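Asker: Sharing a structure with you now.
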Amino acid sequence: MASENFYDVTCYHAGNPYEDIGSVINSIIADIKSRQTVPDLNGGGKPGAVIYIPPGDYRLVTQVVIDVSYLKIAGSGHGFTSSSIRFNTPADELAQWREVWPGGSRIRVDISPEATDGEAAGAAFYVKRTGNPRISSVEFADFCIDGLHFIDDGSGQNDAENTYKNGKTGIYVGSANDSFRITGMGLIYLEHGVTVHDADALAIDNNFIAECGNCIELKGMGQASRIANNFVGAGYRGHSIYAENYGGILVSSNNVFPRGASSIYFSGVVRSSITGNRFHSFYPGMLVFAANSCENLVSSNHFLRDREPWAPMQKYDNGLDDLFGLLHIDGSNNSFIANHISETIDTQYIKPLGVKPVIVHVVAGNGNYIANNHIVATTEMSHINDAANSACFSTQVGALLSTNNLKTLEVTAVLVQRGSVRNTVLDSGSDDQVEMDRTMNAFRGTPVPRQ
């Protein structure tokens with residue numbers, strides 16, 4: 001027997017999901033609310049529903065507004081494929097491609113918000129409810145949200161499709177929430193992929209969120225949330241993973257792609273863990289702790305910084321120089337233990353020219369523990385094909401796999417600014433690679449083998 005709480009958007013009696021899936025889903029939510037009116041009926045009352053999106057392309061003109069708990073919106077495939085490669089591929093090559101757009105259960109976001117409308121106006125899915133209890137157990141699973149195109153930012157310096165600007169957001173949660181899940185999703189070409197305010201027990205797992213201006217943003221305040229097993233990659237202006245005023249976040253087993261202004265940015269985040277991730281960046285500022293982020297654990301991660309090898313994107317960067325640090329720390333009592341940190345870059349691309357790049361930079365805070373980190377810094381002359389039509393995949397993988405003819409690059413492994421005291425630096429750089437006031441901080445250098 002079919003459940004009255006299961007809806008297929010292609011079978012619903014109101015609207016056309018291929019022309020405007022937003023209005024169809026809003027109509028379904030209205031039907032759920034009209035049928036589920038009693039808070040407590042025989043120990044139940046409002047079970048919620050599942051809205052199913054079969055594989056296909058669906059235009060979204062009307063923003064979906066979700067104000068009910070226990071709602072799952074699910075498809076049958078995240079459908080992610082690179083739009084950045086497509087938009088930077090010559091037309092004669094593109095004509096030979098087998099497919100050119102994301103697929104699966106794909107929602108094409110076709111709303112055009114004005115800047116004055118507020119940050120939620122451009123969201124495909126807007127979740128918000130006031131009153132008690134907090135809205136709970138809303139789930140998004142296994143479909144694609146495609147922002148379609150970026151737009152000219154007015155600077156006159158960028159190709160429109162590489163600006164990472166269009167005012168669009170995939171999922172925007174604007175009120176306090178509990179036990180939300182975002183799993184198996186594909187989000188692409190959105191200025192903001194997922195933005196969640198005031199989350200408790202949020203799970204963002206096993207998604208492909210890339211080629212967005214910002215990918216995952218936790219705002220307001222929150223606790224006890226998890227970001228795990230995702231493929232993530234923001235643009236040069238935004239953050240791949242961002243959180244502010246949160247406690248108890250688990251960030252683990254993510255593969256973070258290299259073009260984000262930061263791989264991970266914590267502002268006022270405390271007592272959280274970043275473990276077992278692979279971070280790759282083309283710029284300094286891979287990991288930033290800002291606004292006194294305290295008592296966090298950063299352990300067993302692999303950090304890699306090198307230069308953008310693909311010609312169409314080489315003119316962009318995040319505006320930071322190599323004295324900023326790959327890991328930039330403002331906070332106290334954080335632990336950085338057993339990370340592998342690689343920097344491979346030709347000296348001609350170091351900014352300012354001739355400086356020693358800083359790897360771990362403690363700019364403020366006390367009592368940080370930096371121990372047993374393996375820092376590998378190398379340089380080689382570039383042998384990259386800079387032709388505009390060089391293949392993105394082969395160019396990037398070739399650069400990543402290149403380990404021949406490397407020479408040691410002089411770096412400052414750890415820099416602790418004066419005024420930051422009671423920090424401990426152990427086996428994370430040799431005696432001449434660590435700069436700190438050793439009367440106010442503890443230090444043990446990494447032994448240097450005899451020549």
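Residues are referred to by chain and number: the chain letter is A, B, ... according to the order shown in the structure tokens, the number counts from 1 in that chain, and ligands are numbered separately from 1 in the order shown.
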Would you kindly return, as a list in words, each protein, DNA or RNA residue with an atom no farther than 10 Å from any atom of Phe87 of chain A, considering only C-alpha atoms and excluding same-chain residues fewer than 5 positions away?
Answerer: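 Result of the neighbour search: Ser82, Leu94, Val100, His149, Asp159, Ala160, Glu161 and Asn162 of chain A.
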Asker: Write a file of the just-selected residues containing N, CA and C atoms, as a PDB file, in the first residue's frame.
Answerer:
ATOM      1  N   SER A  82      32.354  18.427 -13.441  1.00  0.00           N
ATOM      2  CA  SER A  82      32.987  19.735 -13.374  1.00  0.00           C
ATOM      3  C   SER A  82      32.411  20.715 -14.389  1.00  0.00           C
ATOM      4  N   LEU A  94      34.856  21.042 -26.803  1.00  0.00           N
ATOM      5  CA  LEU A  94      33.609  20.813 -26.076  1.00  0.00           C
ATOM      6  C   LEU A  94      32.579  20.118 -26.961  1.00  0.00           C
ATOM      7  N   VAL A 100      27.798  17.438 -21.105  1.00  0.00           N
ATOM      8  CA  VAL A 100      28.358  18.754 -20.790  1.00  0.00           C
ATOM      9  C   VAL A 100      27.779  19.376 -19.534  1.00  0.00           C
ATOM     10  N   HIS A 149      25.534  29.096 -13.735  1.00  0.00           N
ATOM     11  CA  HIS A 149      26.530  30.036 -14.240  1.00  0.00           C
ATOM     12  C   HIS A 149      26.946  30.988 -13.127  1.00  0.00           C
ATOM     13  N   ASP A 159      37.010  36.463 -16.039  1.00  0.00           N
ATOM     14  CA  ASP A 159      36.034  35.834 -16.901  1.00  0.00           C
ATOM     15  C   ASP A 159      34.791  35.550 -16.072  1.00  0.00           C
ATOM     16  N   ALA A 160      33.626  35.816 -16.625  1.00  0.00           N
ATOM     17  CA  ALA A 160      32.397  35.715 -15.835  1.00  0.00           C
ATOM     18  C   ALA A 160      32.241  34.347 -15.175  1.00  0.00           C
ATOM     19  N   GLU A 161      32.571  33.267 -15.898  1.00  0.00           N
ATOM     20  CA  GLU A 161      32.351  31.935 -15.343  1.00  0.00           C
ATOM     21  C   GLU A 161      33.393  31.552 -14.295  1.00  0.00           C
ATOM     22  N   ASN A 162      34.365  32.408 -14.047  1.00  0.00           N
ATOM     23  CA  ASN A 162      35.368  32.126 -13.015  1.00  0.00           C
ATOM     24  C   ASN A 162      35.311  33.105 -11.847  1.00  0.00           C
TER      25      ASN A 162
END
Asker: Can you list, as a ChimeraX atom specification, every protein, DNA or RNA residue that comes within 9 Å of segment 412-423 of chain A when you count only C-alpha atoms, leaving out same-chain residues fewer than 3 positions away?
Answerer: /A:325,332-333,356-370,375,428-430,432-437,440-443
Asker: Just the residues within 10 Å of Asp200 of chain A, please, counting only C-alpha atoms, with nothing from its chain fewer than 5 positions along; format it as a list in words.
Answerer: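 So, after excluding close chain neighbours, the residues are Arg134, Ser136, Ala176, Asn177, Asp178, Ser179, Phe180, Met221, Gly222, Gln223, Ala224, Ser225, Arg226, Tyr246, Gly247, Gly248 and Ile249 of chain A.
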Asker: When you look at Ile204 of chain A with a cut-off of 7 Å (counting only C-alpha atoms), what residues show up, excluding the ones that are within fewer than 5 positions of it in the same chain? I need them as number ranges by chain.
Answerer: A: 181-183, 226-228
Asker: Run DSSP on the backbone and give me the residues of segment 64-194 of chain A it puts in strand (DSSP E or B), as a PyMOL selection string.
Answerer: chain A and resi 64-66+71-75+105-109+123-127+135-136+139-141+144-146+169-173+177-178+181-183+186-188+192-194
Asker: Generate a file of the selected residues that holds N, CA and C atoms, formatted as a CSV table (one decimal), in the first residue's frame.
Answerer:
chain,number,residue,atom,x,y,z
A,64,VAL,N,12.1,27.1,-2.5
A,64,VAL,CA,11.5,26.2,-1.6
A,64,VAL,C,11.6,26.7,-0.2
A,65,VAL,N,10.5,26.8,0.5
A,65,VAL,CA,10.5,27.2,1.9
A,65,VAL,C,10.1,26.0,2.8
A,66,ILE,N,11.0,25.6,3.7
A,66,ILE,CA,10.7,24.5,4.5
A,66,ILE,C,10.5,24.9,6.0
A,71,LEU,N,11.2,16.0,7.5
A,71,LEU,CA,11.1,16.1,6.0
A,71,LEU,C,12.3,15.6,5.4
A,72,LYS,N,12.3,14.7,4.5
A,72,LYS,CA,13.4,14.2,3.7
A,72,LYS,C,13.1,14.5,2.2
A,73,ILE,N,14.1,15.2,1.6
A,73,ILE,CA,14.0,15.4,0.1
A,73,ILE,C,15.1,14.6,-0.5
A,74,ALA,N,14.8,13.7,-1.3
A,74,ALA,CA,15.8,12.7,-1.8
A,74,ALA,C,15.7,12.5,-3.3
A,75,GLY,N,16.8,12.3,-3.9
A,75,GLY,CA,16.9,11.9,-5.3
A,75,GLY,C,17.6,10.6,-5.5
A,105,SER,N,19.7,13.4,-10.4
A,105,SER,CA,18.4,14.1,-10.0
A,105,SER,C,18.8,15.6,-9.8
A,106,ARG,N,18.8,16.4,-10.9
A,106,ARG,CA,19.4,17.7,-11.0
A,106,ARG,C,18.4,18.8,-10.9
A,107,ILE,N,18.6,19.7,-10.0
A,107,ILE,CA,17.8,20.9,-9.9
A,107,ILE,C,18.6,22.1,-10.4
A,108,ARG,N,18.1,22.8,-11.4
A,108,ARG,CA,18.7,23.9,-12.0
A,108,ARG,C,18.2,25.2,-11.4
A,109,VAL,N,19.0,25.8,-10.6
A,109,VAL,CA,18.6,27.0,-9.8
A,109,VAL,C,18.5,28.2,-10.8
A,123,ALA,N,18.6,31.5,-2.1
A,123,ALA,CA,18.7,30.1,-1.8
A,123,ALA,C,17.6,29.3,-2.5
A,124,ALA,N,18.1,28.1,-3.1
A,124,ALA,CA,17.1,27.2,-3.7
A,124,ALA,C,16.2,26.6,-2.6
A,125,PHE,N,16.8,26.2,-1.4
A,125,PHE,CA,16.1,25.7,-0.3
A,125,PHE,C,16.3,26.5,0.9
A,126,TYR,N,15.3,27.1,1.4
A,126,TYR,CA,15.3,28.0,2.6
A,126,TYR,C,14.6,27.4,3.8
A,127,VAL,N,15.3,27.0,4.8
A,127,VAL,CA,14.7,26.3,5.9
A,127,VAL,C,14.7,27.3,7.1
A,135,ILE,N,13.1,23.4,14.7
A,135,ILE,CA,12.9,22.5,13.6
A,135,ILE,C,13.9,21.4,13.6
A,136,SER,N,13.5,20.2,13.3
A,136,SER,CA,14.4,19.0,13.5
A,136,SER,C,14.3,18.0,12.4
A,139,GLU,N,16.2,16.5,6.1
A,139,GLU,CA,17.3,15.8,5.4
A,139,GLU,C,17.3,16.1,3.9
A,140,PHE,N,18.5,16.2,3.3
A,140,PHE,CA,18.7,16.4,1.9
A,140,PHE,C,19.6,15.3,1.5
A,141,ALA,N,19.2,14.5,0.5
A,141,ALA,CA,20.0,13.3,0.1
A,141,ALA,C,19.9,13.1,-1.4
A,144,CYS,N,21.3,16.7,-7.1
A,144,CYS,CA,22.2,17.8,-7.5
A,144,CYS,C,21.5,19.1,-7.4
A,145,ILE,N,22.2,20.1,-6.9
A,145,ILE,CA,21.8,21.5,-7.0
A,145,ILE,C,22.8,22.3,-7.8
A,146,ASP,N,22.4,22.8,-8.9
A,146,ASP,CA,23.3,23.4,-9.9
A,146,ASP,C,23.0,24.9,-10.1
A,169,THR,N,22.5,30.3,-3.5
A,169,THR,CA,22.8,29.3,-2.4
A,169,THR,C,22.1,28.0,-2.6
A,170,GLY,N,22.7,26.9,-2.3
A,170,GLY,CA,22.0,25.6,-2.5
A,170,GLY,C,21.0,25.4,-1.4
A,171,ILE,N,21.5,25.3,-0.1
A,171,ILE,CA,20.7,25.1,1.1
A,171,ILE,C,21.0,26.1,2.1
A,172,TYR,N,20.0,26.9,2.6
A,172,TYR,CA,20.2,27.9,3.5
A,172,TYR,C,19.3,27.6,4.7
A,173,VAL,N,19.9,27.4,5.9
A,173,VAL,CA,19.1,27.2,7.1
A,173,VAL,C,19.3,28.4,8.0
A,177,ASN,N,18.3,24.7,14.7
A,177,ASN,CA,17.9,23.4,14.2
A,177,ASN,C,18.6,22.3,14.9
A,178,ASP,N,18.0,21.1,14.8
A,178,ASP,CA,18.5,20.0,15.5
A,178,ASP,C,18.5,18.8,14.5
A,181,ARG,N,20.5,16.4,8.4
A,181,ARG,CA,21.4,15.6,7.7
A,181,ARG,C,21.5,16.0,6.2
A,182,ILE,N,22.7,16.2,5.7
A,182,ILE,CA,22.9,16.5,4.3
A,182,ILE,C,23.9,15.5,3.8
A,183,THR,N,23.4,14.5,3.0
A,183,THR,CA,24.2,13.4,2.6
A,183,THR,C,24.1,13.1,1.1
A,186,GLY,N,25.2,16.6,-4.5
A,186,GLY,CA,26.2,17.3,-5.4
A,186,GLY,C,25.8,18.8,-5.5
A,187,LEU,N,26.7,19.7,-5.1
A,187,LEU,CA,26.4,21.1,-5.2
A,187,LEU,C,27.5,21.8,-6.0
A,188,ILE,N,27.1,22.6,-7.0
A,188,ILE,CA,28.1,23.1,-7.9
A,188,ILE,C,27.6,24.5,-8.4
A,192,HIS,N,27.2,30.1,-2.6
A,192,HIS,CA,27.3,29.5,-1.3
A,192,HIS,C,26.6,28.1,-1.5
A,193,GLY,N,27.3,27.1,-1.1
A,193,GLY,CA,26.8,25.7,-1.3
A,193,GLY,C,25.8,25.4,-0.2
A,194,VAL,N,26.3,25.3,1.1
A,194,VAL,CA,25.5,25.0,2.2
A,194,VAL,C,25.8,26.0,3.3
Asker: Using only C-alpha atoms, which protein or nucleic acid residues come within 10 Å of Ile341 of chain A? Drop anything in the same chain fewer than 3 positions from it, and give the result as a PyMOL selection string.
Answerer: chain A and resi 279+301-305+326-327+338+359-360+373-377+413
Asker: Near Pro55 of chain A, counting only C-alpha atoms, which residues have an atom at most 12 Å away, once you skip same-chain residues fewer than 2 positions from it, shown as JSON, numbers by chain?
Answerer: {"A": [8, 9, 10, 18, 52, 53, 57, 58, 74, 75, 76, 77, 78, 79, 102, 103, 104, 105, 106, 107, 142, 143, 144]}
Asker: Tell me which protein, DNA and RNA residues are within 6 Å of Ile264 of chain A, counting only C-alpha atoms, leaving out same-chain ones fewer than 4 positions away, and put them as a PDB file with N, CA and C atoms, in the first residue's frame.
Answerer:
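Once written, selection-v6.pdb looks like this:
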ATOM      1  N   ILE A 241      35.616  25.015   4.003  1.00  0.00           N
ATOM      2  CA  ILE A 241      34.892  24.696   5.244  1.00  0.00           C
ATOM      3  C   ILE A 241      35.069  25.875   6.188  1.00  0.00           C
ATOM      4  N   TYR A 242      33.970  26.468   6.621  1.00  0.00           N
ATOM      5  CA  TYR A 242      33.995  27.644   7.486  1.00  0.00           C
ATOM      6  C   TYR A 242      33.073  27.413   8.669  1.00  0.00           C
ATOM      7  N   LEU A 287      44.814  26.624   6.533  1.00  0.00           N
ATOM      8  CA  LEU A 287      44.044  26.481   7.763  1.00  0.00           C
ATOM      9  C   LEU A 287      44.196  27.759   8.560  1.00  0.00           C
TER      10      LEU A 287
END
Asker: Could you check how far atom CA of Thr378 of chain A sits from atom CA of Gln348 of chain A, in Å to one decimal?
Answerer: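 Going from atom CA of Thr378 of chain A over to atom CA of Gln348 of chain A, I get 13.0 Å.
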Asker: Would you list, as an NGL selection string, the residues of segment 22-216 of chain A that end up in alpha helix (DSSP H) under DSSP run on this structure's backbone?
Answerer: :A and (22-35 or 83-87 or 91-94)
Asker: Can I get the selection written as a JSON list (two decimals), in the first residue's frame, with C-alpha atoms?
Answerer:
[["chain", "number", "residue", "atom", "x", "y", "z"],
["A", 22, "GLY", "CA", 10.13, 24.87, -6.33],
["A", 23, "SER", "CA", 6.40, 25.56, -6.61],
["A", 24, "VAL", "CA", 5.67, 21.81, -6.68],
["A", 25, "ILE", "CA", 7.64, 21.12, -3.51],
["A", 26, "ASN", "CA", 6.05, 24.10, -1.76],
["A", 27, "SER", "CA", 2.63, 22.72, -2.68],
["A", 28, "ILE", "CA", 3.61, 19.33, -1.25],
["A", 29, "ILE", "CA", 4.78, 20.92, 2.00],
["A", 30, "ALA", "CA", 1.47, 22.78, 2.25],
["A", 31, "ASP", "CA", -0.34, 19.44, 1.83],
["A", 32, "ILE", "CA", 1.78, 17.85, 4.57],
["A", 33, "LYS", "CA", 0.92, 20.71, 6.93],
["A", 34, "SER", "CA", -2.80, 20.52, 6.11],
["A", 35, "ARG", "CA", -2.91, 16.79, 6.91],
["A", 83, "SER", "CA", 31.46, 22.91, -14.77],
["A", 84, "SER", "CA", 34.72, 24.81, -14.36],
["A", 85, "ILE", "CA", 36.48, 22.51, -16.80],
["A", 86, "ARG", "CA", 33.60, 22.83, -19.25],
["A", 87, "PHE", "CA", 33.57, 26.63, -19.16],
["A", 91, "ALA", "CA", 34.40, 25.21, -28.07],
["A", 92, "ASP", "CA", 35.84, 22.84, -30.70],
["A", 93, "GLU", "CA", 36.86, 20.37, -27.98],
["A", 94, "LEU", "CA", 33.61, 20.81, -26.08]]
Asker: Determine the nearest neighbour of Glu343 of chain A from the options A:Leu297, A:Ala243, A:Met286, A:Leu218, counting only C-alpha atoms.
Answerer: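 Closest residue, counting only C-alpha atoms: A:Met286.
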Asker: Which residue out of A:Pro17, A:Phe324, A:Ala49, A:Phe208 has the minimum interatomic distance to Ser3 of chain A when only C-alpha atoms are used?
Answerer: A:Ala49
Asker: Between A:Asn318, A:Asn214, A:Thr81, A:Ser267, single out the one closest to Thr195 of chain A, counting only C-alpha atoms.
Answerer: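 Closest candidate: A:Asn214.
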Asker: For each of A:Phe80, A:Ala290, A:Gly238, A:Pro258, take the minimum atom-to-atom distance to Ile209 of chain A, counting only C-alpha atoms, then give the residue where this is smallest.
Answerer: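 Using only C-alpha atoms, the shortest distance to Ile209 of chain A belongs to A:Phe80.
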Asker: Restricting the calculation to only C-alpha atoms: of A:Ile51, A:Val411, A:Val196, A:Leu426, which residue gets closest to Asp322 of chain A?
Answerer: A:Val411
